[in-house]
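Visitor: There's a structure below that I have some questions on.
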Amino acid sequence: MAEVSVAQQGPTVGHRTRRLSRRHREALIGYLFLSPWLLGFVIFLLGPMLVSLYLSLAEYKVITPPRWIGLANYERMFGDDLFYHALSVTARYTAFSVPLGIAVALGLAVLLNQKIVALGLFRTIFYLPSIISGVAVAIVFAWLFNFKFGVLNYLLSLVGVTGPNWMGSPRWALWAFILMSVWSAGSNVVIFLAALQGVPKALYEAAEIDGASSWHRFWNITLPMISPAILFVAIIGIIGSFQTFTQAYIMTGGGPANSTLFYLLYLYKNAFNWFEMGYASALAWVLFLVIIVCTILLLRTSARWVYYEGDARAR
Amino acid sequence: MTTKQSRQRQFGWAIRQVILYSLLLVLGLAFLLPFLWTLSSSLKPAGSGFKFPPEFLPKEFVWGNYPQVFVMIPFMSFFRNSLFVTGMSVLGELISASLVAYAFARLRFPGRDTLFLLVLATMMIPYPVTMVPTFILFKLLGLVNTYFPLILPPWLGPAFSIFLLRQFFLTINTELDEAAKVDGASEFLIYRRIIIPLSKPVLATVAIFGFVAYWNDFLNPLIYLSESSMYTLALGVNFLRSFRGGGELSIQMAASVMFVAPCILLFIIAQRYVVEGIVTTGIKG
């Protein structure tokens, strides 16, 4: 083959050196291949994390050098109403958008799994929104959600409902963001569809012989069999939704009355509008902590609702 | 089975099909609606944003909205900036992630598995944690308002792509590289001449995911690019909305259509790779 004949022209290493330090040579080559990541890890992750930890214990307003203030930034958070508020906005958004997104994606995947014609077309339609995240979505939905002239309230008026002033009302603005996130949940349809197709047909056939209804089959076979995929999607979803930024920055800037002041938006304002780099760093670490706690809680409970095939064999 | 029973069963099947397809049709339309509405609004005459009820199809198509975008913002220069940043980032991601993934999948060195776990763990770390110090670093280096802060990180091994590529490299048969090794081929030659050519589909997946992510990225350009001549399209389109003729629906929609078009075209051409990529990372991972 062409590859091999080219490979033959490759440099050959003297027998002596190879025998002497083959293992060392192999390790050296390994680290050489690894070097982009090693560099990136130190420069863009480990280094910044250490600096961030230090800055979270300092006052740093860019114009003067950082000044060590111990835990004062964290103490300040306890008395900062906007911090609590941003955390609560983001937590409420996560609590609704992640489960809703999973339910919708799962529902769509179940529909697509019914041996339908034009599967590819529908899959494309449901996936398409998730590749145009960010600015364009925000601009388009700002119009769709328009109180007086928007399409959504027009459609609601057709069925006799007077739509709320979505973006203009502190009560509804967050719901507008939750609805938007559901529209973008389509990438998970592909994951769930693959999981559904992986469920052994024999299980359904056996259940059918036992006379199980389709609802029972879904509840007792499908859901347990795809629960690992649900856990995966939930974790990725939580990590992502705690970092919501672009939509809020563009559509509301955090308003009205801070009702959409997402955590990352508040952090951004601290760092880049008010140059409170120290306080912003402390905020970032608390965000990290919150995400870790949520993930751990989810993993802990998953023992009760996530089913792994290996377990069954062990029993 | 009596004919009555079988007829009943057929009837039930037909009903279910009708319900299934009506559901799919309604949901499909609901998901498409924002796209269709954006496209149709981009062709509406001025002032259409403030009409009730909103028109779904413009009475006459105003194609002039598109050229108007080029008058209101330097669209071509924003487009070129975005293309440059996205292209360089994707290139860097492909090169660095494939080298690193090759090491994790094919080479033996002390600490390999621990380091791979570390790669996976870094995916959990939210970007805000490193955002502020990274900005300070680039500021100290005098690189704020250049494209380096946007392009450099992808050249240094993005974790997600490393993971995706490593999973794929593990599935490639080792016979070929062992034969090449016997013939004295270096590791780099094996990587370059055997692994990379065999991995084109998964590299396409990485490239598409990367393209979409960098093209749409808003936060990083927002932080690093202050001069408007440097703007990427994501910033440029927002600039159009907030500063230039902010209230005009049709102009905003025309700009949005042109902004998302490359991603949508790419997706439609290469969606097979996207689906495969999601399935590989989501399930087999």
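Each chain in the structure tokens gets a letter, A, B and so on, in the order shown; residues start at 1 in every chain, and ligands are counted from 1 in the order they appear.
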Within 7 Å of chain A, which residues of chain B show up when using only C-alpha atoms, listed as a PyMOL selection string?
Guide: chain B and resi 28+31-32+38+49-54+96+99-100+103+107-110+126+128-130+132-134+153+156-157+180+183-186+189+193-194+212+216+218-219+234+238+256+260+263+275+278-279+282-283
Visitor: For the residues selected in the previous step, produce a file with C-alpha atoms as a compact mmCIF listing (two decimals), in the first residue's frame.
Guide:
```
# COMPACT_ATOMS: atom_id res chain seq x y z
CA GLY B 28 -41.32 20.54 12.55
CA PHE B 31 -38.96 24.52 14.92
CA LEU B 32 -38.71 25.92 11.40
CA THR B 38 -36.26 35.45 9.50
CA GLY B 49 -41.37 45.28 12.28
CA PHE B 50 -44.10 47.49 13.65
CA LYS B 51 -47.13 46.00 11.97
CA PHE B 52 -49.86 44.00 13.63
CA PRO B 53 -50.77 41.37 12.76
CA PRO B 54 -47.25 40.50 11.58
CA SER B 96 -2.98 20.13 17.83
CA LEU B 99 -1.24 15.17 17.58
CA VAL B 100 -2.27 14.95 21.23
CA ALA B 103 -0.18 10.26 21.79
CA LEU B 107 2.02 5.88 22.27
CA ARG B 108 3.28 4.58 25.58
CA PHE B 109 4.70 6.94 28.16
CA PRO B 110 4.57 7.24 31.94
CA PRO B 126 -16.19 26.47 33.41
CA PRO B 128 -15.32 32.00 33.59
CA VAL B 129 -12.76 30.60 36.05
CA THR B 130 -9.89 31.26 33.65
CA VAL B 132 -10.18 37.03 33.87
CA PRO B 133 -6.53 35.91 34.28
CA THR B 134 -6.32 34.96 30.60
CA PRO B 153 -5.98 28.62 22.51
CA LEU B 156 -2.89 24.30 22.19
CA GLY B 157 -5.03 21.20 22.36
CA ALA B 180 5.39 0.51 9.21
CA ASP B 183 10.11 -0.90 8.32
CA GLY B 184 11.58 1.79 10.55
CA ALA B 185 8.95 4.48 10.13
CA SER B 186 8.97 7.21 12.75
CA LEU B 189 5.34 9.43 9.76
CA ARG B 193 0.70 8.88 6.56
CA ILE B 194 -1.50 6.26 8.20
CA VAL B 212 -19.78 26.48 14.27
CA ASN B 216 -20.78 31.97 16.63
CA PHE B 218 -19.54 36.18 21.00
CA LEU B 219 -18.03 36.42 24.50
CA ALA B 234 -20.95 38.11 15.61
CA ASN B 238 -24.89 43.05 17.14
CA SER B 256 -28.75 37.58 10.35
CA VAL B 260 -25.86 32.16 9.76
CA CYS B 263 -23.00 27.43 9.25
CA VAL B 275 -24.52 13.03 13.58
CA ILE B 278 -22.41 13.33 18.47
CA VAL B 279 -23.13 9.64 18.63
CA GLY B 282 -22.35 10.99 23.53
CA ILE B 283 -22.83 7.28 23.73
```
Visitor: Rounded to one decimal place, report the CA of Gln68 in chain B-CA of Leu39 in chain B distance in Å.
Guide: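 Distance reported for this atom pair: 15.6 Å.
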Visitor: For CA of Ile19 in chain B and CA of Phe96 in chain A, quote the distance in Å rounded to one decimal.
Guide: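 Straight-line distance from CA of Ile19 in chain B to CA of Phe96 in chain A works out to 27.9 Å.
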Visitor: Quick check for you: according to DSSP on this backbone, which residues of range 114-190 of chain B are classed as helix (DSSP H, G or I)? Reply as a VMD selection string.
Guide: chain B and resid 114 to 122 128 to 140 148 to 155 159 to 170 175 to 182 187 to 190
Visitor: From the DSSP assignment of the backbone, select every residue of range 27-163 of chain A that is strand (DSSP E), and format the answer as a list in words.
Guide: Ala58, Glu59, Arg67 and Trp68 of chain A
